[in-house]
>>> print(open('query15.tsv').read())   # TSV, C-alpha atoms
chain	number	residue	atom	x	y	z
A	460	MET	CA	-67.48	40.24	-9.95
A	461	ASN	CA	-68.27	38.82	-13.39
A	462	LYS	CA	-67.11	41.51	-15.83
A	463	LYS	CA	-68.33	39.54	-18.84
A	464	LEU	CA	-71.93	39.48	-17.56
A	465	LEU	CA	-72.06	43.24	-17.19
A	466	ALA	CA	-70.42	43.80	-20.56
A	467	LEU	CA	-73.13	41.67	-22.16
A	468	ALA	CA	-75.82	43.60	-20.29
A	469	ILE	CA	-74.51	46.89	-21.67
A	470	SER	CA	-74.45	45.55	-25.24
A	471	GLY	CA	-77.94	44.08	-24.94
A	472	ALA	CA	-76.72	40.63	-25.96
A	473	VAL	CA	-77.76	38.74	-22.84
A	474	PHE	CA	-80.75	36.93	-24.34
A	475	GLY	CA	-81.85	35.39	-27.60
A	476	THR	CA	-80.16	33.33	-30.24
A	477	GLN	CA	-77.67	36.00	-31.19
A	478	ALA	CA	-77.13	39.75	-31.26
A	479	VAL	CA	-75.36	41.72	-33.94
A	480	ALA	CA	-74.71	45.44	-33.97
A	481	VAL	CA	-72.82	47.76	-36.29
A	482	GLU	CA	-70.39	49.97	-34.43
A	483	LEU	CA	-70.47	53.43	-35.98
A	484	TYR	CA	-68.11	55.23	-33.60
A	485	ASN	CA	-65.53	54.25	-30.99
A	486	GLU	CA	-62.99	56.78	-29.79
A	487	ASP	CA	-61.68	58.14	-26.48
A	488	GLY	CA	-63.88	55.85	-24.39
A	489	THR	CA	-67.10	56.65	-26.26
A	490	ALA	CA	-68.86	54.12	-28.51
A	491	PHE	CA	-72.07	54.21	-30.54
A	492	SER	CA	-73.72	51.34	-32.41
A	493	VAL	CA	-76.94	50.45	-34.23
A	494	GLY	CA	-78.51	46.99	-33.98
A	495	GLY	CA	-81.73	45.01	-34.12
A	496	HIS	CA	-83.26	42.65	-36.63
A	497	VAL	CA	-86.04	42.36	-39.20
A	498	SER	CA	-87.93	39.23	-40.14
A	499	VAL	CA	-90.58	38.10	-42.58
A	500	ASN	CA	-92.47	34.84	-42.25
A	501	VAL	CA	-95.47	33.03	-43.67
A	502	ASN	CA	-97.85	31.92	-40.91
A	503	GLY	CA	-100.85	29.65	-40.89
A	504	SER	CA	-103.11	27.68	-38.57
A	505	GLU	CA	-106.07	25.33	-38.57
A	506	LYS	CA	-108.46	28.23	-38.04
A	507	ASP	CA	-106.85	30.92	-40.20
A	508	ASP	CA	-105.57	31.06	-43.76
A	509	ALA	CA	-101.86	31.57	-44.40
A	510	SER	CA	-100.59	35.15	-44.32
A	511	VAL	CA	-97.35	37.13	-44.30
A	512	GLY	CA	-96.21	38.30	-40.89
A	513	THR	CA	-93.21	39.35	-38.83
A	514	ASN	CA	-91.51	38.14	-35.67
A	515	SER	CA	-90.64	40.96	-33.24
A	516	PRO	CA	-88.67	43.20	-35.67
A	517	ARG	CA	-86.79	46.04	-33.95
A	518	ILE	CA	-84.09	48.65	-34.28
A	519	ASN	CA	-81.95	49.97	-31.45
A	520	PHE	CA	-79.30	52.56	-30.73
A	521	ASN	CA	-76.64	51.93	-28.09
A	522	ALA	CA	-74.10	54.32	-26.60
A	523	THR	CA	-71.41	53.79	-23.95
A	524	GLN	CA	-69.10	56.24	-22.22
A	525	GLU	CA	-66.17	55.39	-19.95
A	526	LEU	CA	-66.37	57.74	-16.96
A	527	GLY	CA	-63.14	56.74	-15.23
A	528	ASN	CA	-62.48	54.98	-11.92
A	529	GLY	CA	-64.00	51.80	-13.35
A	530	PHE	CA	-67.43	53.31	-14.15
A	531	THR	CA	-69.14	53.02	-17.54
A	532	ALA	CA	-72.38	54.77	-18.49
A	533	ASP	CA	-74.61	53.48	-21.26
A	534	ALA	CA	-77.89	54.38	-22.92
A	535	LYS	CA	-80.22	52.35	-25.12
A	536	GLY	CA	-83.28	53.13	-27.19
A	537	GLU	CA	-85.17	50.37	-29.01
A	538	TRP	CA	-88.32	50.53	-31.14
A	539	ALA	CA	-90.53	47.87	-32.66
A	540	LEU	CA	-90.82	48.18	-36.45
A	541	ASN	CA	-94.10	47.96	-38.35
A	542	TYR	CA	-93.29	47.59	-42.04
A	543	LEU	CA	-96.31	45.56	-43.21
A	544	ASP	CA	-99.28	47.76	-42.27
A	545	GLY	CA	-99.16	50.93	-44.33
A	546	GLY	CA	-100.56	54.00	-42.61
A	547	ASP	CA	-100.16	52.62	-39.07
A	548	ASP	CA	-97.49	53.71	-36.61
A	549	THR	CA	-94.06	52.64	-37.87
A	550	PHE	CA	-92.24	52.81	-34.51
A	551	THR	CA	-93.41	51.91	-31.00
A	552	THR	CA	-91.24	51.86	-27.90
A	553	ARG	CA	-89.74	48.58	-26.71
A	554	LEU	CA	-86.82	49.73	-24.55
A	555	GLY	CA	-85.33	52.98	-23.32
A	556	TYR	CA	-82.95	53.31	-20.39
A	557	VAL	CA	-79.75	54.70	-18.93
A	558	GLY	CA	-77.34	52.42	-17.07
A	559	LEU	CA	-74.27	52.74	-14.89
A	560	THR	CA	-71.84	49.85	-14.44
A	561	HIS	CA	-68.80	49.35	-12.24
A	562	GLU	CA	-66.46	46.37	-12.34
A	563	GLU	CA	-66.93	45.74	-8.61
A	564	PHE	CA	-70.06	47.65	-7.55
A	565	GLY	CA	-72.39	46.12	-10.13
A	566	ARG	CA	-74.91	47.59	-12.55
A	567	ALA	CA	-77.86	49.96	-12.05
A	568	VAL	CA	-80.42	50.76	-14.76
A	569	GLY	CA	-83.37	53.16	-14.94
A	570	GLY	CA	-86.07	53.11	-17.62
A	571	THR	CA	-87.97	50.53	-19.66
A	572	GLN	CA	-85.73	47.46	-19.66
A	573	TRP	CA	-85.54	43.68	-19.52
A	574	SER	CA	-86.27	42.92	-15.87
A	575	PRO	CA	-84.25	40.87	-13.34
A	576	TYR	CA	-87.25	38.49	-13.24
A	577	TYR	CA	-86.74	37.86	-16.95
A	578	ASP	CA	-83.04	37.14	-16.33
A	579	VAL	CA	-84.26	33.95	-14.61
A	580	ALA	CA	-87.35	33.22	-16.76
A	581	ALA	CA	-85.50	33.66	-20.08
A	582	ALA	CA	-83.87	30.23	-19.76
A	583	THR	CA	-86.57	28.74	-22.02
A	584	ASP	CA	-87.39	31.84	-24.09
A	585	MET	CA	-84.84	31.02	-26.78
A	586	PRO	CA	-86.44	29.74	-30.04
A	587	ILE	CA	-87.36	32.42	-32.58
A	588	ALA	CA	-90.87	31.22	-33.41
A	589	PHE	CA	-92.68	29.67	-30.42
A	590	ALA	CA	-91.82	29.90	-26.70
A	591	ASN	CA	-92.87	31.30	-23.31
A	592	ASP	CA	-96.09	33.10	-24.26
A	593	PHE	CA	-97.24	33.29	-20.62
A	594	LEU	CA	-94.32	35.54	-19.67
A	595	TYR	CA	-95.77	38.31	-21.82
A	596	ASP	CA	-99.22	38.54	-20.18
A	597	ASN	CA	-99.11	42.26	-19.32
A	598	HIS	CA	-95.34	42.03	-18.88
A	599	GLY	CA	-94.67	45.77	-19.02
A	600	ALA	CA	-96.74	46.58	-15.93
A	601	LEU	CA	-95.94	43.36	-14.05
A	602	GLY	CA	-92.24	43.34	-14.91
A	603	THR	CA	-92.09	39.74	-16.18
A	604	GLY	CA	-90.43	40.59	-19.51
A	605	ARG	CA	-89.70	44.15	-20.64
A	606	ALA	CA	-90.56	46.13	-17.52
A	607	ASP	CA	-91.99	49.65	-17.83
A	608	LYS	CA	-90.59	52.46	-15.68
A	609	MET	CA	-88.20	50.27	-13.66
A	610	VAL	CA	-85.09	50.88	-11.58
A	611	SER	CA	-82.92	47.77	-11.26
A	612	TYR	CA	-79.63	46.64	-9.77
A	613	ARG	CA	-77.58	43.54	-10.60
A	614	ASN	CA	-74.27	42.10	-9.52
A	615	ALA	CA	-72.38	38.84	-9.95
A	616	PHE	CA	-69.42	37.21	-8.21
A	617	ASP	CA	-67.13	34.67	-9.84
A	618	PHE	CA	-65.61	32.09	-7.45
A	619	GLY	CA	-63.60	30.22	-10.06
A	620	GLU	CA	-64.10	26.45	-9.89
A	621	ALA	CA	-66.70	26.97	-7.14
A	622	GLY	CA	-69.05	28.61	-9.65
A	623	GLU	CA	-70.69	32.00	-10.01
A	624	PHE	CA	-73.33	33.67	-7.83
A	625	SER	CA	-75.56	36.49	-9.10
A	626	PHE	CA	-78.50	38.50	-7.82
A	627	GLY	CA	-80.84	41.22	-9.02
A	628	LEU	CA	-83.32	43.72	-7.61
A	629	GLY	CA	-86.05	45.69	-9.36
A	630	TRP	CA	-88.64	48.36	-8.43
A	631	GLN	CA	-91.53	49.86	-10.39
A	632	GLY	CA	-93.51	52.84	-9.06
A	633	ASP	CA	-97.13	53.87	-9.64
A	634	ASN	CA	-98.31	53.07	-13.15
A	635	ASN	CA	-101.78	53.43	-14.72
A	636	VAL	CA	-102.56	51.18	-17.68
A	637	THR	CA	-105.60	51.85	-19.88
A	638	THR	CA	-106.82	49.21	-22.34
A	639	ASP	CA	-109.44	49.74	-25.06
A	640	THR	CA	-111.38	46.68	-26.21
A	641	GLU	CA	-113.30	46.98	-29.49
A	642	THR	CA	-116.47	44.90	-30.00
A	643	VAL	CA	-118.37	44.68	-33.30
A	644	ASP	CA	-122.05	43.67	-33.13
A	645	ASN	CA	-124.07	41.82	-35.79
A	646	ASN	CA	-125.10	45.11	-37.44
A	647	GLY	CA	-121.55	46.33	-37.79
A	648	GLY	CA	-121.74	48.72	-34.85
A	649	VAL	CA	-118.57	49.23	-32.87
A	650	THR	CA	-118.44	49.50	-29.09
A	651	ILE	CA	-115.26	50.44	-27.27
A	652	ASP	CA	-114.88	49.38	-23.64
A	653	ARG	CA	-112.11	51.16	-21.72
A	654	THR	CA	-110.54	49.46	-18.73
A	655	SER	CA	-108.14	51.24	-16.40
A	656	VAL	CA	-105.87	49.44	-13.93
A	657	SER	CA	-103.76	51.26	-11.34
A	658	TYR	CA	-100.54	49.52	-10.32
A	659	GLY	CA	-98.81	50.51	-7.10
A	660	ASP	CA	-95.23	49.83	-6.07
A	661	ARG	CA	-93.86	46.57	-7.47
A	662	VAL	CA	-90.66	44.89	-6.33
A	663	GLN	CA	-88.76	41.85	-7.51
A	664	ALA	CA	-85.64	40.00	-6.44
A	665	THR	CA	-83.63	37.22	-8.08
A	666	LEU	CA	-80.86	34.78	-7.17
A	667	GLY	CA	-78.71	32.78	-9.55
A	668	TYR	CA	-75.94	30.21	-9.37
A	669	SER	CA	-74.02	28.55	-12.19
A	670	ILE	CA	-71.32	25.88	-12.23
A	671	ALA	CA	-69.98	23.47	-14.86
A	672	GLY	CA	-72.52	24.56	-17.48
A	673	VAL	CA	-75.51	24.26	-15.13
A	674	LYS	CA	-77.48	27.41	-14.26
A	675	LEU	CA	-80.06	27.66	-11.46
A	676	GLY	CA	-82.27	30.66	-10.72
A	677	TYR	CA	-85.07	31.92	-8.49
A	678	ALA	CA	-87.22	35.04	-8.97
A	679	PHE	CA	-89.80	36.72	-6.72
A	680	ASN	CA	-92.15	39.40	-8.04
A	681	THR	CA	-94.92	41.14	-6.08
A	682	GLY	CA	-97.06	44.28	-5.95
A	683	ASP	CA	-100.64	45.52	-5.55
A	684	PHE	CA	-103.00	46.84	-8.20
A	685	LYS	CA	-106.53	48.25	-8.25
A	686	GLU	CA	-109.10	47.33	-10.90
A	687	GLY	CA	-112.72	48.45	-10.78
A	688	GLY	CA	-112.15	49.86	-7.31
A	689	VAL	CA	-110.98	46.47	-5.96
A	690	SER	CA	-107.44	46.08	-4.63
A	691	LYS	CA	-105.56	42.85	-5.38
A	692	THR	CA	-102.02	41.48	-5.26
A	693	ALA	CA	-100.14	40.17	-8.30
A	694	GLU	CA	-97.35	37.86	-7.17
A	695	SER	CA	-95.06	35.24	-8.67
A	696	HIS	CA	-92.44	32.75	-7.52
A	697	LEU	CA	-90.41	31.33	-10.41
A	698	VAL	CA	-87.52	28.85	-10.55
A	699	SER	CA	-85.40	27.89	-13.54
A	700	ALA	CA	-82.70	25.39	-14.44
A	701	ALA	CA	-80.62	25.17	-17.60
A	702	TYR	CA	-77.66	23.25	-18.98
A	703	GLY	CA	-75.41	24.28	-21.85
A	704	SER	CA	-75.65	27.22	-24.23
A	705	TYR	CA	-78.50	27.63	-26.71
A	706	GLY	CA	-77.17	27.36	-30.26
A	707	SER	CA	-74.05	25.41	-29.23
A	708	GLY	CA	-74.51	21.66	-28.89
A	709	LEU	CA	-76.99	20.36	-26.31
A	710	TYR	CA	-79.19	22.81	-24.40
A	711	LEU	CA	-81.75	21.80	-21.80
A	712	ALA	CA	-83.89	24.21	-19.75
A	713	GLY	CA	-87.05	24.39	-17.69
A	714	ILE	CA	-88.95	27.00	-15.68
A	715	TYR	CA	-91.82	26.71	-13.20
A	716	ALA	CA	-93.92	29.59	-11.84
A	717	SER	CA	-96.51	29.76	-9.07
A	718	ASN	CA	-98.63	32.85	-9.74
A	719	GLU	CA	-101.38	34.98	-8.26
A	720	ASN	CA	-103.14	37.38	-10.67
A	721	MET	CA	-100.20	37.20	-13.08
A	722	ASN	CA	-101.85	35.34	-15.98
A	723	VAL	CA	-104.83	36.82	-17.83
A	724	GLY	CA	-108.16	35.42	-16.60
A	725	LEU	CA	-106.67	33.36	-13.75
A	726	GLU	CA	-106.61	34.44	-10.11
A	727	GLU	CA	-104.26	31.60	-9.17
A	728	SER	CA	-102.14	29.70	-11.68
A	729	THR	CA	-99.11	27.55	-12.26
A	730	ALA	CA	-97.08	27.75	-15.44
A	731	TYR	CA	-94.10	25.88	-16.76
A	732	GLU	CA	-92.05	25.52	-19.90
A	733	LEU	CA	-89.57	22.82	-20.92
A	734	LEU	CA	-87.06	23.21	-23.75
A	735	ALA	CA	-84.60	20.78	-25.32
A	736	ALA	CA	-82.40	21.87	-28.23
A	737	TYR	CA	-79.40	20.52	-30.09
A	738	ALA	CA	-77.26	22.53	-32.50
A	739	LEU	CA	-75.26	20.59	-35.10
A	740	ALA	CA	-71.80	21.60	-36.24
A	741	ASN	CA	-73.28	23.12	-39.43
A	742	SER	CA	-75.37	25.52	-37.19
A	743	LEU	CA	-78.70	23.69	-37.74
A	744	ASN	CA	-80.46	24.01	-34.38
A	745	LEU	CA	-83.35	21.63	-33.66
A	746	SER	CA	-85.61	22.12	-30.65
A	747	VAL	CA	-88.77	20.96	-28.93
A	748	ASN	CA	-90.59	22.92	-26.21
A	749	TYR	CA	-93.66	22.24	-24.09
A	750	GLU	CA	-95.69	24.96	-22.33
A	751	VAL	CA	-98.57	24.68	-19.85
A	752	VAL	CA	-100.61	27.27	-17.91
A	753	GLU	CA	-103.38	26.09	-15.62
A	754	GLY	CA	-105.21	27.49	-12.64
A	755	GLU	CA	-108.40	28.89	-11.13
A	756	ALA	CA	-110.40	31.84	-12.48
A	757	THR	CA	-111.41	32.56	-8.87
A	758	LYS	CA	-110.17	30.96	-5.68
A	759	GLY	CA	-112.00	27.72	-5.03
A	760	ALA	CA	-113.17	27.31	-8.62
A	761	ALA	CA	-112.37	24.24	-10.69
A	762	THR	CA	-108.87	24.08	-12.10
A	763	GLN	CA	-108.77	24.82	-15.83
A	764	THR	CA	-106.06	24.50	-18.44
A	765	ASP	CA	-105.55	27.89	-20.05
A	766	ARG	CA	-102.76	26.88	-22.41
A	767	GLU	CA	-101.02	23.63	-23.36
A	768	GLU	CA	-98.74	23.62	-26.40
A	769	LEU	CA	-95.94	21.56	-27.90
A	770	ALA	CA	-93.71	23.02	-30.63
A	771	LEU	CA	-91.10	21.51	-32.95
A	772	GLN	CA	-88.71	24.06	-34.42
A	773	ALA	CA	-85.57	24.41	-36.55
A	774	GLU	CA	-83.21	27.34	-37.10
A	775	TYR	CA	-80.31	27.55	-39.54
A	776	ASN	CA	-77.62	30.24	-39.85
A	777	PHE	CA	-76.98	30.81	-43.56
A	778	THR	CA	-74.53	33.53	-42.49
A	779	SER	CA	-73.75	35.18	-39.15
A	780	ASN	CA	-76.46	37.78	-39.90
A	781	PHE	CA	-79.05	35.76	-41.83
A	782	VAL	CA	-81.09	33.01	-40.13
A	783	GLY	CA	-83.86	30.85	-41.51
A	784	TYR	CA	-86.43	29.30	-39.17
A	785	THR	CA	-89.51	27.13	-39.22
A	786	GLY	CA	-91.78	25.64	-36.60
A	787	TYR	CA	-95.02	23.79	-35.97
A	788	GLN	CA	-96.93	24.25	-32.71
A	789	PHE	CA	-99.50	21.68	-31.60
A	790	ASP	CA	-102.39	23.01	-29.51
A	791	LEU	CA	-102.97	20.28	-26.91
A	792	ASN	CA	-105.63	22.12	-24.89
A	793	ASP	CA	-108.87	20.29	-25.64
A	794	GLU	CA	-110.18	20.49	-22.07
A	795	THR	CA	-113.06	22.81	-23.00
A	796	GLY	CA	-114.00	20.76	-26.04
A	797	TYR	CA	-113.15	23.34	-28.70
A	798	LYS	CA	-111.23	22.42	-31.82
A	799	SER	CA	-107.50	22.86	-31.39
A	800	ASP	CA	-105.65	25.49	-33.40
A	801	ASP	CA	-102.29	24.12	-34.48
A	802	LYS	CA	-99.96	26.78	-35.93
A	803	TRP	CA	-96.99	26.81	-38.28
A	804	THR	CA	-94.49	29.36	-39.50
A	805	LEU	CA	-91.70	29.59	-42.08
A	806	GLY	CA	-89.48	32.64	-42.23
A	807	ALA	CA	-86.11	34.36	-42.23
A	808	ARG	CA	-84.49	36.92	-39.93
A	809	TYR	CA	-81.76	39.39	-40.80
A	810	TYR	CA	-79.72	40.81	-37.94
A	811	LEU	CA	-78.62	44.41	-38.46
>>> encode(input="query15.tsv", output="structure tokens")
Amino acid sequence: MNKKLLALAISGAVFGTQAVAVELYNEDGTAFSVGGHVSVNVNGSEKDDASVGTNSPRINFNATQELGNGFTADAKGEWALNYLDGGDDTFTTRLGYVGLTHEEFGRAVGGTQWSPYYDVAAATDMPIAFANDFLYDNHGALGTGRADKMVSYRNAFDFGEAGEFSFGLGWQGDNNVTTDTETVDNNGGVTIDRTSVSYGDRVQATLGYSIAGVKLGYAFNTGDFKEGGVSKTAESHLVSAAYGSYGSGLYLAGIYASNENMNVGLEESTAYELLAAYALANSLNLSVNYEVVEGEATKGAATQTDREELALQAEYNFTSNFVGYTGYQFDLNDETGYKSDDKWTLGARYYL
């Protein structure tokens, strides 16, 4: 089994450009650390004036305990930070789980966590500014990103020069999601529409294989839900391929998903993302990514393009903890005739 993979899973450093944590305690098999990052950026677009914003700031607490006989227990709590809107909630939950890992038996996790599905889909979700928006359409309930109330199991087997094989399983039980939509009329009156969706059992399974810097993955995700008294199935098949390591020389990746009721407003859809990046020796990382989501609002309807975007981005590590980034995203979706809304951002991120 791949010990390194499970060690990274415990530390929470599996995804993203980098992960830094300050270890506050480590003695007699028990460790405790604090991590996360904060960012500030200036954003603008063709439709909106420039403004100050953030990019997924968070703080997390991580604890591990060696239990003996090769078992390690770990716990993680992570909260999104709101430090720009005074008076609003400062902390909201991102992650919270307890895990158990064994060097041979694999890793089991219970709680709100990054899902096995995301293990495969994350191949292109690397740049700080723009990437993989379609993965986050109701990702908590559907388990495509951070999965709410999930139990998961992962394991990996290293065959030396023959490569590495990995797999993952995930289950989410009953979950009711209520969404409030606020509408303001011409007279300033406010109407709040409340929508409730009941999700039943959801399951997902993944397979992965890597050799000589090439990584291949497949993910399956399915489950029923009920909205407005009507029962439907939300299902996804996703494949990914990647070469290299993001932030170290050349990195190429692509994902493709065939979905049913997984993307907002589309009953059937296909989605894909392509990413090419190259990091220079001085840590300047240049990338380009292309994202498309298209499908049918109802079965048999005309195919429509929901999203088509191309982004050019750059990231630079001033220090191991301080990263500057900038990006410009071109909105290529002019199918419906509306004016495109190109976006840009310029910011900095500090890793705790």
>>> residues_near_point(input="query15.tsv", point="(-104.6, 32.8, -14.0)", cutoff="8 Å", atoms="only C-alpha atoms", output="list in words")
Asn718, Glu719, Asn720, Met721, Asn722, Val723, Gly724, Leu725, Glu726, Glu727, Ser728, Thr729, Val752, Glu753, Gly754, Glu755, Ala756 and Asp765 of chain A
>>> closest_residue(input="query15.tsv", among="A:Tyr749, A:Tyr705, A:Tyr775, A:Tyr809", to="A:Met585", atoms="only C-alpha atoms")
A:Tyr705
>>> atom_distance(input="query15.tsv", atom1="atom CA of A:Pro516", atom2="atom CA of A:Arg808")
8.7 Å
>>> residues_near_point(input="query15.tsv", point="(-88.2, 20.3, -23.0)", cutoff="12 Å", atoms="only C-alpha atoms", output="JSON, numbers by chain")
{"A": [582, 583, 584, 585, 586, 590, 591, 700, 701, 702, 709, 710, 711, 712, 713, 714, 731, 732, 733, 734, 735, 736, 737, 745, 746, 747, 748, 749, 750, 751, 768, 769, 770, 771]}
>>> closest_atom_pairs(input="query15.tsv", of="stretch 509-588 of chain A", to="stretch 601-610 of chain A", cutoff="7 Å", atoms="only C-alpha atoms", output="tab-separated table")
residue	atom	partner	partner_atom	distance
A:Val568	CA	A:Val610	CA	5.7
A:Gly569	CA	A:Val610	CA	4.4
A:Gly570	CA	A:Lys608	CA	5.0
A:Thr571	CA	A:Asp607	CA	4.5
A:Gln572	CA	A:Arg605	CA	5.3
A:Trp573	CA	A:Arg605	CA	4.3
A:Ser574	CA	A:Ala606	CA	5.6
A:Tyr576	CA	A:Thr603	CA	5.8
A:Tyr577	CA	A:Gly604	CA	5.3
>>> atom_distance(input="query15.tsv", atom1="atom CA of A:Asp544", atom2="atom CA of A:Asp652")
24.4 Å
>>> atom_distance(input="query15.tsv", atom1="atom CA of A:Leu483", atom2="atom CA of A:Ser742")
28.4 Å
>>> residues_around(input="query15.tsv", residues="A:Phe550", least_positions_apart="5", cutoff="8 Å", atoms="all atoms listed in the file", output="PyMOL selection string")
chain A and resi 538-541
>>> closest_residue(input="query15.tsv", among="A:Phe781, A:Phe624, A:Tyr612, A:Tyr787", to="A:Val479", atoms="only C-alpha atoms")
A:Phe781
>>> residues_around(input="query15.tsv", residues="A:Val481", least_positions_apart="6", cutoff="7 Å", atoms="all atoms listed in the file", output="PyMOL selection string")
chain A and resi 492-494
>>> closest_residue(input="query15.tsv", among="A:Gly632, A:Ala730, A:Thr804, A:Asn744", to="A:Phe593", atoms="only C-alpha atoms")
A:Ala730
>>> closest_residue(input="query15.tsv", among="A:Trp803, A:Tyr715, A:Phe777, A:Tyr677", to="A:Val579", atoms="only C-alpha atoms")
A:Tyr677
